[in-house]
$ cat protein.cif   # mmCIF, C-alpha atoms
data_upload
loop_
_atom_site.label_atom_id
_atom_site.label_comp_id
_atom_site.auth_asym_id
_atom_site.auth_seq_id
_atom_site.Cartn_x
_atom_site.Cartn_y
_atom_site.Cartn_z
CA MET A 1 13.39 18.03 -15.70
CA ALA A 2 9.84 16.71 -15.34
CA LYS A 3 6.90 18.34 -13.58
CA ILE A 4 5.52 16.07 -10.87
CA THR A 5 2.40 16.72 -8.80
CA VAL A 6 1.87 14.68 -5.64
CA LEU A 7 -1.69 14.55 -4.32
CA GLY A 8 -1.72 14.10 -0.57
CA ALA A 9 0.66 15.64 1.97
CA GLY A 10 0.54 12.84 4.50
CA VAL A 11 3.68 10.95 5.44
CA MET A 12 4.12 8.83 2.31
CA GLY A 13 3.17 11.42 -0.29
CA SER A 14 5.45 13.98 1.38
CA ALA A 15 8.31 11.50 1.75
CA LEU A 16 8.15 10.54 -1.91
CA ALA A 17 8.40 14.21 -2.83
CA VAL A 18 11.94 14.21 -1.39
CA PRO A 19 13.63 12.00 -4.04
CA ALA A 20 11.22 13.35 -6.67
CA CYS A 21 12.51 16.92 -6.21
CA GLU A 22 16.17 15.97 -6.70
CA ARG A 23 15.91 16.47 -10.47
CA ASN A 24 12.30 17.53 -11.01
CA GLU A 25 9.86 20.34 -10.32
CA VAL A 26 7.55 19.03 -7.57
CA THR A 27 4.21 20.35 -6.33
CA LEU A 28 2.86 18.77 -3.14
CA VAL A 29 -0.90 19.25 -2.88
CA GLY A 30 -2.52 18.70 0.49
CA SER A 31 -5.91 17.05 0.69
CA PRO A 32 -8.64 18.93 2.61
CA ILE A 33 -7.46 17.25 5.84
CA ASP A 34 -3.83 18.30 5.23
CA ASP A 35 -4.29 22.07 5.61
CA SER A 36 -2.36 22.26 8.89
CA ILE A 37 0.52 20.29 7.36
CA ILE A 38 0.71 22.56 4.32
CA ARG A 39 0.62 25.70 6.49
CA GLU A 40 3.65 24.42 8.42
CA LEU A 41 5.52 23.65 5.20
CA GLN A 42 4.65 27.02 3.69
CA ALA A 43 6.02 28.68 6.83
CA GLY A 44 9.32 26.85 6.33
CA ARG A 45 8.86 24.53 9.30
CA HIS A 46 9.16 20.77 9.75
CA HIS A 47 6.52 18.43 8.38
CA PRO A 48 4.52 18.00 11.60
CA THR A 49 3.87 14.26 11.17
CA LEU A 50 7.20 13.20 9.70
CA ASP A 51 9.10 15.64 11.94
CA VAL A 52 11.46 16.24 9.01
CA MET A 53 12.35 19.43 7.18
CA LEU A 54 11.40 18.88 3.54
CA PRO A 55 13.59 20.35 0.76
CA SER A 56 12.82 23.98 -0.03
CA GLY A 57 12.35 23.17 -3.71
CA ILE A 58 9.02 21.45 -3.05
CA LEU A 59 6.06 23.75 -3.71
CA ALA A 60 3.43 23.06 -1.01
CA VAL A 61 -0.16 23.91 -1.94
CA ARG A 62 -3.37 23.65 0.08
CA ALA A 63 -6.40 22.01 -1.53
CA ASN A 64 -8.21 25.34 -1.91
CA GLU A 65 -5.10 26.91 -3.49
CA LEU A 66 -4.83 24.28 -6.22
CA GLN A 67 -4.75 25.69 -9.73
CA ALA A 68 -5.63 23.81 -12.90
CA GLU A 69 -2.07 24.10 -14.20
CA HIS A 70 -0.72 22.15 -11.23
CA LEU A 71 -2.48 19.13 -12.73
CA LEU A 72 -2.74 19.92 -16.43
CA GLN A 73 0.96 20.74 -16.82
CA ALA A 74 2.19 17.76 -14.79
CA ASP A 75 4.15 15.06 -16.58
CA VAL A 76 3.35 12.69 -13.71
CA ILE A 77 0.58 12.78 -11.11
CA ILE A 78 1.23 10.68 -8.01
CA PHE A 79 -1.58 9.60 -5.70
CA GLY A 80 0.02 9.82 -2.26
CA VAL A 81 -3.20 9.86 -0.22
CA SER A 82 -4.33 7.12 2.15
CA SER A 83 -7.19 4.95 0.92
CA PRO A 84 -10.01 7.27 2.15
CA GLY A 85 -8.49 10.05 0.02
CA ILE A 86 -8.84 8.23 -3.31
CA PRO A 87 -12.31 9.69 -4.10
CA TRP A 88 -10.94 13.21 -3.50
CA ALA A 89 -7.98 12.61 -5.81
CA LEU A 90 -10.15 11.11 -8.55
CA ASP A 91 -12.63 13.99 -8.21
CA LEU A 92 -9.80 16.46 -8.83
CA LEU A 93 -8.94 14.78 -12.11
CA HIS A 94 -12.59 14.86 -13.14
CA ARG A 95 -13.21 18.43 -11.97
CA PHE A 96 -10.24 19.82 -13.91
CA SER A 97 -10.74 17.45 -16.90
CA VAL A 98 -7.24 16.08 -16.40
CA ARG A 99 -6.08 13.26 -18.66
CA PRO A 100 -2.73 12.43 -17.09
CA ASN A 101 0.11 11.23 -19.24
CA MET A 102 1.36 9.10 -16.34
CA LEU A 103 -0.34 8.25 -13.08
CA ALA A 104 1.52 6.60 -10.17
CA LEU A 105 0.11 5.24 -6.94
CA VAL A 106 1.53 4.71 -3.49
CA THR A 107 -2.04 4.28 -2.17
CA LYS A 108 -2.81 0.62 -1.51
CA GLY A 109 -6.05 -1.25 -1.09
CA LEU A 110 -8.68 -3.51 -2.62
CA ILE A 111 -12.18 -2.86 -3.92
CA ALA A 112 -14.79 -5.60 -3.73
CA GLY A 113 -15.90 -6.95 -7.10
CA ARG A 114 -18.82 -5.23 -8.78
CA ALA A 115 -21.14 -8.17 -8.12
CA ALA A 116 -20.11 -8.08 -4.42
CA ASP A 117 -18.88 -11.67 -4.53
CA ASP A 118 -16.57 -11.29 -7.54
CA THR A 119 -12.78 -11.22 -7.34
CA PRO A 120 -11.69 -7.91 -5.78
CA LEU A 121 -9.79 -5.30 -7.76
CA THR A 122 -6.71 -3.39 -6.70
CA TYR A 123 -6.96 0.39 -6.66
CA ALA A 124 -4.65 0.51 -9.65
CA GLN A 125 -6.91 -1.84 -11.64
CA ALA A 126 -10.00 0.18 -10.78
CA ILE A 127 -8.36 3.49 -11.61
CA SER A 128 -6.96 2.12 -14.86
CA GLN A 129 -10.46 0.99 -15.89
CA ALA A 130 -12.02 4.33 -14.94
CA ASN A 131 -9.29 6.49 -16.46
CA THR A 132 -10.55 9.01 -18.96
CA ASN A 133 -7.32 8.71 -20.92
CA PRO A 134 -6.99 5.15 -22.31
CA GLU A 135 -3.40 5.89 -23.33
CA ALA A 136 -2.36 6.88 -19.81
CA ARG A 137 0.41 4.89 -18.21
CA VAL A 138 -0.35 3.73 -14.67
CA VAL A 139 2.51 2.73 -12.37
CA GLY A 140 2.20 1.01 -9.01
CA ILE A 141 4.82 1.78 -6.37
CA GLY A 142 5.40 -1.07 -3.94
CA GLY A 143 7.98 -2.52 -1.62
CA PRO A 144 9.38 -1.77 1.83
CA CYS A 145 9.40 1.95 2.51
CA ILE A 146 9.06 3.62 5.90
CA ALA A 147 8.12 7.19 5.05
CA LYS A 148 10.32 8.95 7.60
CA GLU A 149 13.35 6.89 6.62
CA LEU A 150 12.87 7.91 2.98
CA ALA A 151 12.39 11.56 3.95
CA LEU A 152 15.69 11.34 5.86
CA LYS A 153 17.34 9.87 2.73
CA ILE A 154 18.09 6.56 4.41
CA PRO A 155 18.75 3.91 1.70
CA THR A 156 15.47 2.48 0.44
CA ARG A 157 14.73 -0.07 -2.28
CA VAL A 158 11.30 -0.38 -3.87
CA THR A 159 9.65 -1.73 -7.00
CA PHE A 160 7.73 0.11 -9.71
CA GLY A 161 5.25 -2.03 -11.64
CA ALA A 162 3.41 -1.34 -14.90
CA HIS A 163 1.81 -3.37 -17.66
CA ARG A 164 4.79 -2.40 -19.80
CA GLU A 165 8.11 -2.38 -18.00
CA SER A 166 9.31 0.49 -20.18
CA VAL A 167 6.71 2.71 -18.47
CA ALA A 168 7.99 1.75 -15.02
CA ASP A 169 11.54 2.34 -16.27
CA GLU A 170 10.55 5.85 -17.39
CA LEU A 171 9.29 6.75 -13.92
CA ARG A 172 12.38 5.19 -12.35
CA THR A 173 14.55 7.52 -14.45
CA MET A 174 12.68 10.49 -12.99
CA LEU A 175 12.67 9.42 -9.34
CA GLN A 176 15.70 7.23 -8.67
CA THR A 177 18.50 8.69 -6.54
CA ASP A 178 21.54 7.23 -4.82
CA TYR A 179 19.38 6.53 -1.73
CA TYR A 180 16.05 5.70 -3.45
CA ARG A 181 16.74 2.62 -5.55
CA VAL A 182 14.10 1.20 -7.85
CA ALA A 183 13.54 -2.21 -9.42
CA THR A 184 10.91 -2.52 -12.16
CA THR A 185 8.49 -5.27 -13.15
CA GLU A 186 5.53 -6.06 -15.38
CA GLN A 187 3.83 -7.87 -12.47
CA PHE A 188 1.62 -4.80 -12.13
CA THR A 189 -1.52 -6.26 -10.57
CA GLU A 190 0.35 -8.74 -8.38
CA LEU A 191 2.54 -5.93 -7.03
CA GLU A 192 -0.54 -3.87 -6.18
CA ALA A 193 -2.31 -6.88 -4.65
CA CYS A 194 0.71 -7.66 -2.46
CA ALA A 195 0.90 -4.03 -1.36
CA ALA A 196 -2.68 -4.26 -0.06
CA LEU A 197 -2.53 -7.82 1.28
CA LYS A 198 0.60 -7.21 3.34
CA ASN A 199 -1.38 -4.78 5.53
CA PHE A 200 -4.09 -7.41 6.05
CA LEU A 201 -1.74 -10.34 6.71
CA CYS A 202 0.45 -8.20 8.98
CA ILE A 203 -2.39 -8.21 11.50
CA GLY A 204 -2.09 -11.97 11.97
CA VAL A 205 1.71 -12.07 12.01
CA SER A 206 1.87 -9.22 14.53
CA ALA A 207 -0.65 -10.99 16.76
CA MET A 208 2.14 -13.43 17.58
CA ILE A 209 4.15 -10.55 19.05
CA GLY A 210 1.29 -9.80 21.44
CA ALA A 211 0.52 -13.45 22.17
CA TYR A 212 4.03 -14.64 23.03
CA LYS A 213 5.63 -11.98 25.20
CA HIS A 214 8.40 -12.73 27.66
CA ASP A 215 10.96 -10.86 29.72
CA ASP A 216 13.28 -10.34 26.74
CA GLY A 217 10.54 -8.98 24.48
CA TYR A 218 8.61 -11.57 22.52
CA ALA A 219 9.16 -15.05 21.12
CA LYS A 220 10.58 -14.95 17.60
CA ASN A 221 9.71 -18.50 16.51
CA PRO A 222 5.92 -18.08 16.22
CA VAL A 223 6.36 -14.73 14.47
CA ALA A 224 8.71 -16.30 11.92
CA GLY A 225 6.36 -19.24 11.42
CA LEU A 226 3.39 -17.03 10.61
CA PHE A 227 5.53 -14.62 8.59
CA ASN A 228 6.45 -17.50 6.29
CA GLN A 229 2.80 -18.58 6.10
CA ALA A 230 1.72 -15.02 5.35
CA VAL A 231 4.09 -14.81 2.37
CA HIS A 232 2.76 -18.07 0.93
CA GLU A 233 -0.85 -16.93 1.38
CA MET A 234 0.03 -13.57 -0.17
CA PHE A 235 1.36 -15.45 -3.20
CA THR A 236 -1.85 -17.49 -3.55
CA LEU A 237 -4.17 -14.51 -3.07
CA SER A 238 -2.22 -12.15 -5.33
CA ARG A 239 -2.22 -14.72 -8.12
CA TRP A 240 -5.97 -15.16 -7.68
CA ILE A 241 -6.61 -11.39 -7.75
CA SER A 242 -4.47 -10.97 -10.88
CA ASN A 243 -6.11 -14.07 -12.40
CA SER A 244 -2.59 -15.36 -13.11
CA GLN A 245 -2.52 -13.08 -16.15
CA GLU A 246 0.95 -11.84 -15.31
CA SER A 247 2.79 -15.16 -15.12
CA SER A 248 4.40 -14.26 -18.43
CA ALA A 249 5.90 -11.22 -16.71
CA ILE A 250 8.28 -13.55 -14.87
CA LYS A 251 10.94 -13.71 -17.54
CA ASN A 252 13.69 -15.71 -15.84
CA SER A 253 14.65 -17.42 -12.61
CA ALA A 254 16.02 -14.17 -11.20
CA ASP A 255 12.60 -12.47 -11.59
CA LEU A 256 10.74 -13.65 -8.48
CA PRO A 257 6.95 -13.61 -8.06
CA ALA A 258 5.98 -10.33 -6.39
CA ALA A 259 4.96 -12.05 -3.13
CA PHE A 260 8.48 -13.41 -2.67
CA ASP A 261 10.20 -10.16 -3.56
CA LEU A 262 10.22 -6.54 -2.36
CA PRO A 263 6.45 -5.90 -2.87
CA GLY A 264 5.57 -8.95 -0.77
CA LEU A 265 7.89 -10.27 1.91
CA GLY A 266 10.02 -7.11 1.90
CA ASP A 267 7.04 -4.85 2.54
CA LEU A 268 5.52 -7.28 5.04
CA HIS A 269 8.77 -7.20 7.02
CA VAL A 270 8.70 -3.44 7.59
CA THR A 271 4.93 -3.43 8.18
CA VAL A 272 5.18 -6.00 10.97
CA GLY A 273 7.96 -3.87 12.44
CA GLY A 274 5.57 -1.02 13.24
CA GLY A 275 2.53 1.00 12.22
CA ARG A 276 -1.23 0.81 12.59
CA ASN A 277 -1.74 -2.70 11.23
CA SER A 278 0.99 -4.06 13.47
CA ARG A 279 -0.43 -2.28 16.51
CA LEU A 280 -3.86 -3.77 15.91
CA GLY A 281 -2.36 -7.24 15.51
CA ARG A 282 -0.45 -6.97 18.77
CA TYR A 283 -3.61 -5.97 20.62
CA LEU A 284 -5.46 -8.93 19.13
CA GLY A 285 -2.63 -11.24 20.15
CA GLU A 286 -3.03 -10.00 23.73
CA GLY A 287 -6.68 -11.09 23.64
CA ALA A 288 -8.44 -7.88 22.61
CA ILE A 289 -11.45 -7.91 20.27
CA LEU A 290 -11.09 -6.04 16.99
CA GLN A 291 -14.25 -3.99 17.33
CA ASP A 292 -13.31 -2.92 20.86
CA VAL A 293 -9.83 -1.82 19.74
CA MET A 294 -11.23 0.15 16.79
CA GLN A 295 -13.67 1.95 19.10
CA THR A 296 -11.11 2.81 21.78
CA THR A 297 -7.33 2.67 21.32
CA LEU A 298 -7.43 3.04 17.54
CA LYS A 299 -10.60 5.12 17.32
CA GLY A 300 -10.50 7.38 14.25
CA VAL A 301 -7.41 5.63 12.87
CA THR A 302 -7.48 4.19 9.36
CA VAL A 303 -6.21 0.61 9.66
CA GLU A 304 -5.94 -0.29 6.00
CA GLY A 305 -5.53 -4.01 6.68
CA VAL A 306 -9.05 -4.09 8.12
CA ASP A 307 -10.45 -2.23 5.10
CA THR A 308 -8.60 -4.64 2.81
CA GLY A 309 -10.08 -7.62 4.66
CA ARG A 310 -13.60 -6.29 4.28
CA GLN A 311 -13.13 -5.82 0.54
CA LEU A 312 -11.48 -9.22 0.21
CA LEU A 313 -14.14 -11.15 2.12
CA PRO A 314 -17.06 -11.59 -0.37
CA GLY A 315 -14.91 -12.71 -3.29
CA PHE A 316 -12.77 -14.90 -1.06
CA ARG A 317 -15.79 -16.76 0.31
CA LYS A 318 -17.14 -17.36 -3.19
CA ALA A 319 -13.76 -18.48 -4.54
CA CYS A 320 -13.47 -21.02 -1.70
CA HIS A 321 -17.04 -22.24 -2.33
CA ASP A 322 -16.31 -22.63 -6.04
CA GLY A 323 -13.03 -24.47 -5.43
CA ILE A 324 -10.91 -21.71 -6.97
CA LEU A 325 -9.24 -21.21 -3.60
CA HIS A 326 -8.82 -23.87 -0.91
CA SER A 327 -9.45 -22.61 2.61
CA ALA A 328 -7.20 -25.27 4.15
CA ASP A 329 -4.25 -23.65 2.35
CA LEU A 330 -5.13 -20.22 3.77
CA PRO A 331 -5.56 -20.64 7.54
CA LEU A 332 -4.09 -17.24 8.42
CA THR A 333 -6.44 -15.46 6.03
CA GLN A 334 -9.37 -17.37 7.52
CA ARG A 335 -8.50 -16.38 11.10
CA ILE A 336 -8.02 -12.69 10.32
CA LEU A 337 -11.30 -12.59 8.38
CA ALA A 338 -13.09 -14.20 11.32
CA CYS A 339 -11.88 -11.34 13.51
CA ILE A 340 -13.12 -8.77 11.00
CA GLU A 341 -16.39 -10.45 10.00
CA ASN A 342 -17.52 -12.01 13.27
CA ASN A 343 -15.52 -10.04 15.84
CA GLU A 344 -13.97 -13.29 17.06
CA PRO A 345 -10.82 -13.31 19.20
CA PHE A 346 -7.66 -14.04 17.24
CA ALA A 347 -6.53 -17.58 18.02
CA PHE A 348 -4.21 -19.46 15.69
CA ASP A 349 -3.48 -23.18 15.98
CA PHE A 350 -0.11 -24.00 14.43
CA CYS A 351 -1.47 -27.51 13.73
CA ASP A 352 -3.55 -25.83 10.98
CA LEU A 353 -0.43 -24.93 8.99
CA PRO A 354 -0.05 -26.96 5.78
CA GLN A 355 2.52 -29.74 6.07
#
$ encode --input "protein.cif" --output "structure tokens"
Amino acid sequence: MAKITVLGAGVMGSALAVPACERNEVTLVGSPIDDSIIRELQAGRHHPTLDVMLPSGILAVRANELQAEHLLQADVIIFGVSSPGIPWALDLLHRFSVRPNMLALVTKGLIAGRAADDTPLTYAQAISQANTNPEARVVGIGGPCIAKELALKIPTRVTFGAHRESVADELRTMLQTDYYRVATTEQFTELEACAALKNFLCIGVSAMIGAYKHDDGYAKNPVAGLFNQAVHEMFTLSRWISNSQESSAIKNSADLPAAFDLPGLGDLHVTVGGGRNSRLGRYLGEGAILQDVMQTTLKGVTVEGVDTGRQLLPGFRKACHDGILHSADLPLTQRILACIENNEPFAFDFCDLPQ
């Protein structure tokens, strides 16, 4: 039995605690904005956002109740916060002088390069570089996972990625159940890049749902066309972000690039199906302007695809200027960035798709 501490009691961190507690001792630590959630859990009531009763074996702790041993004695620390919570989670490790033996992330996003126009980093890359314990093993958790479905123990298949597959295998041994099935890979950075990019590209794919409505719902052909394009652009961008350093991680023909496997197209599929990025995309497809949506309908909502686009933008522009990337191959990326950078309406011409 391992000791696992999950930082962040939002939907994904809390959902992941469900399979984690099957064979392990799990502490779920709420961030400062999670106090109301933790109070409900401590009172033995449903998780108010998931609307699911979590297993009684999970120890729920508010941020101000956190003790050093919750972190220092953990075999694995999992970052389950949304992207704005990363500084809080990192500060905890620094404040308690924690040098985790294994760190896992379900938080996804990009950070602009240090020189502003350099290639962006994934959160996992940045955390790995800043980690006070150079021997720590960092694992990225990617793939299609709707939090409530996992909390309800509906069959879910994801991928764990690490620089050494044996590290990902070790975490799989701790967390895998009959309903939470885990593949592993050494495509660590590409997995993390896909996990962030799928939120960004989902905005453009979902715009087709808003743009092509009819009496039976919406037209499926344009959605499928841009879904396919999104996967190809995800492949190009994830390879660029990882600097193609992980091509050796593809060991045989059955080991697909991350963009064409669970971390890419699989995760994009469920993201287009619902959530904040999909909602924004549908509004844009109906003709709304991004800034207007973010100031009204989605005011106060973290739409991680927009944050990812802003972090992607400087390095992307430079890479296109330098000929590292070719903008003609990435028309969907270009249109979404125009919405974010210039507040332009989303309009996609299918004649721009590569032939």
$ resolve_selection --input "protein.cif" --expression "the PyMOL selection byres ((chain A and resi 273) around 12)" --output "list of chain:residue names"
A:Pro144, A:Cys145, A:Ile146, A:Asn199, A:Cys202, A:Ile203, A:Val205, A:Ser206, A:Ala207, A:Ile209, A:Val223, A:Phe227, A:Gly266, A:Asp267, A:Leu268, A:His269, A:Val270, A:Thr271, A:Val272, A:Gly274, A:Gly275, A:Arg276, A:Asn277, A:Ser278, A:Arg279, A:Gly281, A:Arg282
$ atom_distance --input "protein.cif" --atom1 "CA of Gly30 (chain A)" --atom2 "CA of Ala60 (chain A)"
7.5 Å
$ residues_near_point --input "protein.cif" --point "(7.2, 10.0, 4.5)" --cutoff "6 Å" --atoms "all atoms listed in the file" --output "list in words"
Val11, Met12, Ser14, Ala15, Ala147, Lys148 and Ala151 of chain A
$ residues_around --input "protein.cif" --residues "region 310-313 of chain A" --least-positions-apart "6" --cutoff "6 Å" --atoms "only C-alpha atoms" --output "list in words"
Leu110, Ile111 and Ala112 of chain A
$ resolve_selection --input "protein.cif" --expression "the PyMOL selection byres ((chain A and resi 94-100) around 7)" --output "list in words"
Ala68, Leu71, Leu72, Val76, Ile77, Leu90, Asp91, Leu92, Leu93, Asn101, Met102, Leu103, Thr132, Asn133 and Ala136 of chain A
$ closest_atom_pairs --input "protein.cif" --of "region 170-273 of chain A" --to "region 24-28 of chain A" --cutoff "12 Å" --atoms "all atoms listed in the file" --output "Markdown table"
| residue | atom | partner | partner_atom | distance |
| --- | --- | --- | --- | --- |
| A:Leu171 | CA | A:Asn24 | CA | 11.6 |
| A:Thr173 | CA | A:Asn24 | CA | 10.8 |
| A:Met174 | CA | A:Asn24 | CA | 7.3 |
| A:Leu175 | CA | A:Asn24 | CA | 8.3 |
| A:Gln176 | CA | A:Asn24 | CA | 11.1 |
| A:Thr177 | CA | A:Asn24 | CA | 11.7 |
$ write_last_selection --input "protein.cif" --atoms "C-alpha atoms" --output "PDB file, in the coordinates of the input"
ATOM      1  CA  LEU A 171       9.290   6.750 -13.920  1.00  0.00           C
ATOM      2  CA  THR A 173      14.550   7.520 -14.450  1.00  0.00           C
ATOM      3  CA  MET A 174      12.680  10.490 -12.990  1.00  0.00           C
ATOM      4  CA  LEU A 175      12.670   9.420  -9.340  1.00  0.00           C
ATOM      5  CA  GLN A 176      15.700   7.230  -8.670  1.00  0.00           C
ATOM      6  CA  THR A 177      18.500   8.690  -6.540  1.00  0.00           C
TER       7      THR A 177
END
$ residues_around --input "protein.cif" --residues "Gly309 (chain A)" --least-positions-apart "3" --cutoff "10 Å" --atoms "all atoms listed in the file" --output "JSON, numbers by chain"
{"A": [109, 110, 112, 196, 197, 199, 200, 201, 304, 305, 306, 312, 313, 314, 316, 333, 336, 337, 338, 339, 340, 341]}
$ closest_residue --input "protein.cif" --among "A:His70, A:Arg62, A:His326, A:Arg172" --to "Trp240 (chain A)" --atoms "all atoms listed in the file"
A:His326
$ atom_distance --input "protein.cif" --atom1 "CA of Ala126 (chain A)" --atom2 "CA of Gly80 (chain A)"
16.3 Å
$ resolve_selection --input "protein.cif" --expression "the PyMOL selection byres ((chain A and resi 346) around 7)" --output "list in words"
Leu284, Gly285, Arg335, Cys339, Glu344, Pro345, Ala347 and Phe348 of chain A
$ closest_atom_pairs --input "protein.cif" --of "region 36-155 of chain A" --to "region 297-302 of chain A" --cutoff "10 Å" --atoms "all atoms listed in the file" --output "CSV"
residue,atom,partner,partner_atom,distance
A:Ser82,CA,A:Thr302,CA,8.4
A:Ser83,CA,A:Thr302,CA,8.5
A:Pro84,CA,A:Thr302,CA,8.2
$ axis_aligned_box --input "protein.cif" --around "region 3-18 of chain A" --padding-each-side "6 Å" --output "AutoDock Vina command-line options"
--center_x 5.1 --center_y 13.6 --center_z -4.1 --size_x 25.7 --size_y 21.5 --size_z 31.0
$ atom_distance --input "protein.cif" --atom1 "CA of Asp118 (chain A)" --atom2 "CA of Thr236 (chain A)"
16.5 Å
$ residues_near_point --input "protein.cif" --point "(-5.2, -20.6, 13.3)" --cutoff "8 Å" --atoms "all atoms listed in the file" --output "CSV table (one decimal) with C-alpha atoms, in the frame of the given file"
chain,number,residue,atom,x,y,z
A,331,PRO,CA,-5.6,-20.6,7.5
A,332,LEU,CA,-4.1,-17.2,8.4
A,334,GLN,CA,-9.4,-17.4,7.5
A,335,ARG,CA,-8.5,-16.4,11.1
A,347,ALA,CA,-6.5,-17.6,18.0
A,348,PHE,CA,-4.2,-19.5,15.7
A,349,ASP,CA,-3.5,-23.2,16.0
A,350,PHE,CA,-0.1,-24.0,14.4
A,351,CYS,CA,-1.5,-27.5,13.7
A,352,ASP,CA,-3.6,-25.8,11.0
A,353,LEU,CA,-0.4,-24.9,9.0
$ residues_around --input "protein.cif" --residues "Phe235 (chain A)" --least-positions-apart "4" --cutoff "9 Å" --atoms "only C-alpha atoms" --output "ChimeraX atom specification"
/A:190,194,230-231,239-240,257-260,264
$ residues_around --input "protein.cif" --residues "Asp35 (chain A)" --least-positions-apart "3" --cutoff "9 Å" --atoms "all atoms listed in the file" --output "ChimeraX atom specification"
/A:9,30-32,38-40,61-63
$ residues_around --input "protein.cif" --residues "Ile241 (chain A)" --least-positions-apart "6" --cutoff "8 Å" --atoms "only C-alpha atoms" --output "PyMOL selection string"
chain A and resi 119-121+189-190+193
$ build_atoms --input "protein.cif" --residues "region 220-232 of chain A" --atoms "N, CA and C atoms" --output "JSON list (two decimals), keeping the file's coordinate frame"
[["chain", "number", "residue", "atom", "x", "y", "z"],
["A", 220, "LYS", "N", 10.38, -15.16, 19.04],
["A", 220, "LYS", "CA", 10.58, -14.95, 17.60],
["A", 220, "LYS", "C", 10.08, -16.12, 16.76],
["A", 221, "ASN", "N", 10.08, -17.33, 17.31],
["A", 221, "ASN", "CA", 9.71, -18.50, 16.51],
["A", 221, "ASN", "C", 8.30, -18.43, 15.95],
["A", 222, "PRO", "N", 7.27, -18.14, 16.78],
["A", 222, "PRO", "CA", 5.92, -18.08, 16.22],
["A", 222, "PRO", "C", 5.74, -16.95, 15.21],
["A", 223, "VAL", "N", 6.45, -15.84, 15.44],
["A", 223, "VAL", "CA", 6.36, -14.73, 14.47],
["A", 223, "VAL", "C", 6.94, -15.18, 13.13],
["A", 224, "ALA", "N", 8.09, -15.83, 13.16],
["A", 224, "ALA", "CA", 8.71, -16.30, 11.92],
["A", 224, "ALA", "C", 7.83, -17.33, 11.23],
["A", 225, "GLY", "N", 7.22, -18.23, 12.02],
["A", 225, "GLY", "CA", 6.36, -19.24, 11.42],
["A", 225, "GLY", "C", 5.19, -18.64, 10.68],
["A", 226, "LEU", "N", 4.54, -17.65, 11.28],
["A", 226, "LEU", "CA", 3.39, -17.03, 10.61],
["A", 226, "LEU", "C", 3.82, -16.05, 9.53],
["A", 227, "PHE", "N", 5.01, -15.47, 9.67],
["A", 227, "PHE", "CA", 5.53, -14.62, 8.59],
["A", 227, "PHE", "C", 5.68, -15.45, 7.32],
["A", 228, "ASN", "N", 6.28, -16.61, 7.45],
["A", 228, "ASN", "CA", 6.45, -17.50, 6.29],
["A", 228, "ASN", "C", 5.09, -17.88, 5.70],
["A", 229, "GLN", "N", 4.14, -18.22, 6.58],
["A", 229, "GLN", "CA", 2.80, -18.58, 6.10],
["A", 229, "GLN", "C", 2.14, -17.41, 5.40],
["A", 230, "ALA", "N", 2.32, -16.21, 5.95],
["A", 230, "ALA", "CA", 1.72, -15.02, 5.35],
["A", 230, "ALA", "C", 2.24, -14.79, 3.93],
["A", 231, "VAL", "N", 3.53, -15.01, 3.71],
["A", 231, "VAL", "CA", 4.09, -14.81, 2.37],
["A", 231, "VAL", "C", 3.48, -15.82, 1.39],
["A", 232, "HIS", "N", 3.35, -17.06, 1.81],
["A", 232, "HIS", "CA", 2.76, -18.07, 0.93],
["A", 232, "HIS", "C", 1.29, -17.75, 0.63]]
